[in-house]
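Asks: Sharing a structure here in structure tokens format.
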Amino acid sequence: MRLTLSTVESVFLAEHQTCPQRNLLYAFAAQTPILAPTKPTSSTKPTKPQEPTARERGAAATGGGRTGRSRRNHQPDAGGMARSGRRSGASPCDLDREFAPQIAQLLAAPPPQSAQEYYEELIQSKKHDGIRVNYKGNHGKGVCANKDFAEGDLILKDQILVGAQHSLNKIDCVVCSYCFRFIGSVEFQIGHRLYFQSIASSIGCSSERHCHGSDVGSSTCSSGVTKEKSSTLPEEVIESLITGDVSLPFSDHFALPEIVACQGCEEERYCSQSCADSDWESYHSLLCAGPNTEPPRRSALHKFVEHANETNDIFLVAAKAITFTMLRYKKLKRQNDFQNKSAESNFSLLMEAWKPLSMGFKKRWWDYVALPEDVDASDEDSFRQEIRDLAFTSLKLLKDAIFDAECAPLFSLEVYGHIIGMFELNNLDLVVASPVEDYFIHIDDLPDDKKEEAEKATAPLLDALDDDYAVPCDGTAFFPLQSCMNHSCCPNAKAFKRDEDNDGHAVIIALGPISKGEEITISYIDEDLPYEERQAELADYGFTCTCSKCQEEKPN
Ligand SMILES: [Zn+2]
Ligand SMILES: [Zn+2]
Ligand SMILES: [Zn+2]
């Protein structure tokens, strides 16, 4: 079968071949070390009172949440990790000591003036003239309408600053690594998914594919446990879907961009050469582990990625944040011809390169993350220590791969912990609806005669895919403008992907008329929950809501 495997897919296959008894897809996601900390994916979605339809799931990106509430698998540390004394005893990495003043500068809230200018420039360059960001230092940030909006109007399409598809989701959805558009063809997407599914069922395991490891058991899992597949298609059928030897009826209505692979590693796939180039310039040139990368660095990169896939893929997003800053720094240095300048001026360039990420609200990941429900309060110290150790290991692996002395403060544990914390505090789920879902809906909506004919080809596929036909692309991302929007339980806007929004942008739509000057708010949670439950959920975001609805419903 002519299918180039990505690392995730290869690991997936290796897992299957070596551990036939395990619950495969799940085992891959959650082969937990001592614990698997928060996976930012599904838990950040507001809990809908009823299971949303597949279309809603795929189409609606949700409010800027963080994952304090996500459930984590925490097995008490049978390995005998010291329960006390260890927390203060752990030595921070040397860079934290050596660059303490620079690290403090990187993590300080940006001066209001400079932040205000940053947002004005960003809004101007992206032509988002419908909004204005008001920045008043620390937590005081908000977005206001700069013109009148009517119900249903598009307020903002915010481009991802740094983001990534969840590792396990790569089995289900093949998307552009830069813009997150689905690529290949509907046939390829179906074949790719069935290929991995057939491996799982061939060794008699059911798959739990959408619950990303630590989110198992959470009410916000996108579709929970799937049944063991009833039908598996012959290998030739799956192969012809992947290779494009067969085309399904009406699939030309759902044409997808052709796949452009990274010329270095063939691991990352794109919708176009321009996305491949942009990814290379912004993040990937430092993370590409192809044959052209020197072997020690390549093997270090593989180890880093492997660790992240086995523990928490938020480390992959954090690595992209670091390479984004390093590459911006190098570019600024070239532009400024700064080759022979002093260390101080190099650091001021690093500060400038870091600026877009400095705007995100940050807290140290292992300090603020809420204690999972299944962790006893007496285990809190060791829980936090273990998360910190996990980040430390990940950072060490990343440092082995891409360390650059001029950007040394970026490799401190303090900065790494805050970058991860930033994604947890500000992230909006990256969700892109699947064209495969649209395709099957289209077939279902055909007039009877056409439908009967088409279903001869599509029904066996739909049967084999079962509920999985509608799995959207999902991941974690930081959206620079959306993350400035405040919460309200009676919001005037919401994140919602329309049919035409087929990439990773965050799309914010007006829920009713909004006048110029009015604050634009979105809901971080399910705003239909009763007052107490809303406040409990919002406590994880670190605030008590005093919106008009809360004031009205507050018990005296
Ligand atoms: Zn793309
Ligand atoms: Zn590459
Ligand atoms: Zn409220």
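Here's how to read the names in the structure tokens: chain A, B, ... by the order shown, residue numbers from 1 in each chain, ligand numbers from 1 in the order shown.
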Taking only C-alpha atoms and all ligand atoms into account, report as a list of chain:residue names which residues have an atom no farther than 7 Å from an atom of ligand 3.
Replies: A:Ser488, A:Cys489, A:Cys490, A:Cys545, A:Thr546, A:Cys547, A:Ser548, A:Lys549, A:Cys550
Asks: Output C-alpha atoms of each residue in that selection to a file, as a PDB file, in the first residue's frame.
Replies:
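Dumped to again_3.pdb:
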```
ATOM      1  CA  SER A 488     -20.213  36.618  29.955  1.00  0.00           C
ATOM      2  CA  CYS A 489     -23.030  34.167  30.771  1.00  0.00           C
ATOM      3  CA  CYS A 490     -25.209  36.256  28.437  1.00  0.00           C
ATOM      4  CA  CYS A 545     -18.690  36.136  37.093  1.00  0.00           C
ATOM      5  CA  THR A 546     -20.677  39.281  37.776  1.00  0.00           C
ATOM      6  CA  CYS A 547     -22.416  39.557  34.415  1.00  0.00           C
ATOM      7  CA  SER A 548     -26.008  40.806  34.377  1.00  0.00           C
ATOM      8  CA  LYS A 549     -27.373  37.259  34.280  1.00  0.00           C
ATOM      9  CA  CYS A 550     -25.294  36.279  37.314  1.00  0.00           C
TER      10      CYS A 550
END
```
Asks: Identify, on the basis of only C-alpha atoms, every residue whose closest approach to stretch 404-415 of chain A does not exceed 9 Å; exclude the query and any residue fewer than 2 positions from it along the same chain; express the result as a ChimeraX atom specification.
Replies: /A:92-100,102-103,106-107,322,325-326,329,343,346-347,350,364,388,391-392,395-396,398-399,402,417-420
Asks: What would the file look like if the residues just selected were written as an mmCIF file, in the first residue's frame with C-alpha atoms?
Replies:
```cif
data_model
loop_
_atom_site.group_PDB
_atom_site.id
_atom_site.type_symbol
_atom_site.label_atom_id
_atom_site.label_comp_id
_atom_site.auth_asym_id
_atom_site.auth_seq_id
_atom_site.Cartn_x
_atom_site.Cartn_y
_atom_site.Cartn_z
ATOM 1 C CA PRO A 92 15.775 24.089 38.853
ATOM 2 C CA CYS A 93 17.737 23.819 35.667
ATOM 3 C CA ASP A 94 20.873 25.858 35.412
ATOM 4 C CA LEU A 95 19.459 28.246 32.862
ATOM 5 C CA ASP A 96 16.830 29.353 35.353
ATOM 6 C CA ARG A 97 19.562 30.543 37.701
ATOM 7 C CA GLU A 98 21.877 31.963 35.071
ATOM 8 C CA PHE A 99 19.216 33.991 33.285
ATOM 9 C CA ALA A 100 16.923 34.882 36.145
ATOM 10 C CA GLN A 102 16.026 37.967 31.590
ATOM 11 C CA ILE A 103 13.416 35.354 32.437
ATOM 12 C CA LEU A 106 10.173 37.760 29.462
ATOM 13 C CA LEU A 107 7.413 36.783 31.854
ATOM 14 C CA ILE A 322 9.709 28.377 21.245
ATOM 15 C CA THR A 325 10.222 32.966 18.846
ATOM 16 C CA MET A 326 13.676 31.707 17.854
ATOM 17 C CA TYR A 329 14.595 36.449 16.560
ATOM 18 C CA ALA A 343 24.456 40.543 24.408
ATOM 19 C CA ASN A 346 20.571 40.662 21.323
ATOM 20 C CA PHE A 347 18.313 40.261 24.319
ATOM 21 C CA LEU A 350 14.695 38.400 21.705
ATOM 22 C CA ARG A 364 3.022 28.416 35.780
ATOM 23 C CA ARG A 388 6.652 19.618 36.826
ATOM 24 C CA ALA A 391 7.724 19.259 31.815
ATOM 25 C CA PHE A 392 11.346 19.160 32.937
ATOM 26 C CA LEU A 395 12.254 20.495 28.057
ATOM 27 C CA LYS A 396 15.519 18.606 28.429
ATOM 28 C CA LEU A 398 13.775 19.705 23.402
ATOM 29 C CA LYS A 399 16.929 21.461 24.539
ATOM 30 C CA ILE A 402 17.298 22.724 19.223
ATOM 31 C CA GLY A 417 6.063 26.113 32.390
ATOM 32 C CA HIS A 418 4.550 29.502 31.631
ATOM 33 C CA ILE A 419 4.219 28.798 27.904
ATOM 34 C CA ILE A 420 2.322 25.591 28.653
#
```
Asks: Hey, which residues sit close to ligand 2? Say within 10 Å, counting only C-alpha atoms and all ligand atoms, and write them as a list of chain:residue names.
Replies: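 I would give the residues around ligand 2 as A:Ala261, A:Cys262, A:Gln263, A:Gly264, A:Cys265, A:Glu266, A:Glu267, A:Glu268, A:Arg269, A:Ala276, A:Asp279, A:Trp280, A:His284, A:Ser285, A:Leu286, A:Leu287, A:Cys288, A:Ala289, A:Gly290, A:Pro291, A:Asn292, A:Thr293.
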Asks: For ligand 1, list the contacting residues at 9 Å or closer, counting only C-alpha atoms and all ligand atoms, as a PyMOL selection string.
Replies: chain A and resi 175-183+257+269-276+503
Asks: Any idea what's packed within 10 Å of A:Ile522, counting only C-alpha atoms, ignoring anything in its chain fewer than 3 positions away? Could you give it as a ChimeraX atom specification?
Replies: /A:62-64,482,485-495,508-511,525,527
Asks: So how many Å separate atom CA of A:Val317 and atom CA of A:Ala477, to one decimal?
Replies: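 So the two atoms, atom CA of A:Val317 and atom CA of A:Ala477, lie 7.7 Å apart.
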Asks: Within stretch 226-420 of chain A, find each residue whose DSSP state, derived from the backbone, is helix (DSSP H, G or I), and express the selection as a PyMOL selection string.
Replies: chain A and resi 235-243+251-254+273-282+284-286+295-310+314-336+343-358+365-368+377-402+405-411+413-420
Asks: Pick out the residues sitting within 12 Å of A:Val186, and hand them over as a ChimeraX atom specification; count only C-alpha atoms, and ignore anything fewer than 6 positions along from it in its own chain.
Replies: /A:173-175,192-193,241-244,246-258,434-440,458,461,469-470
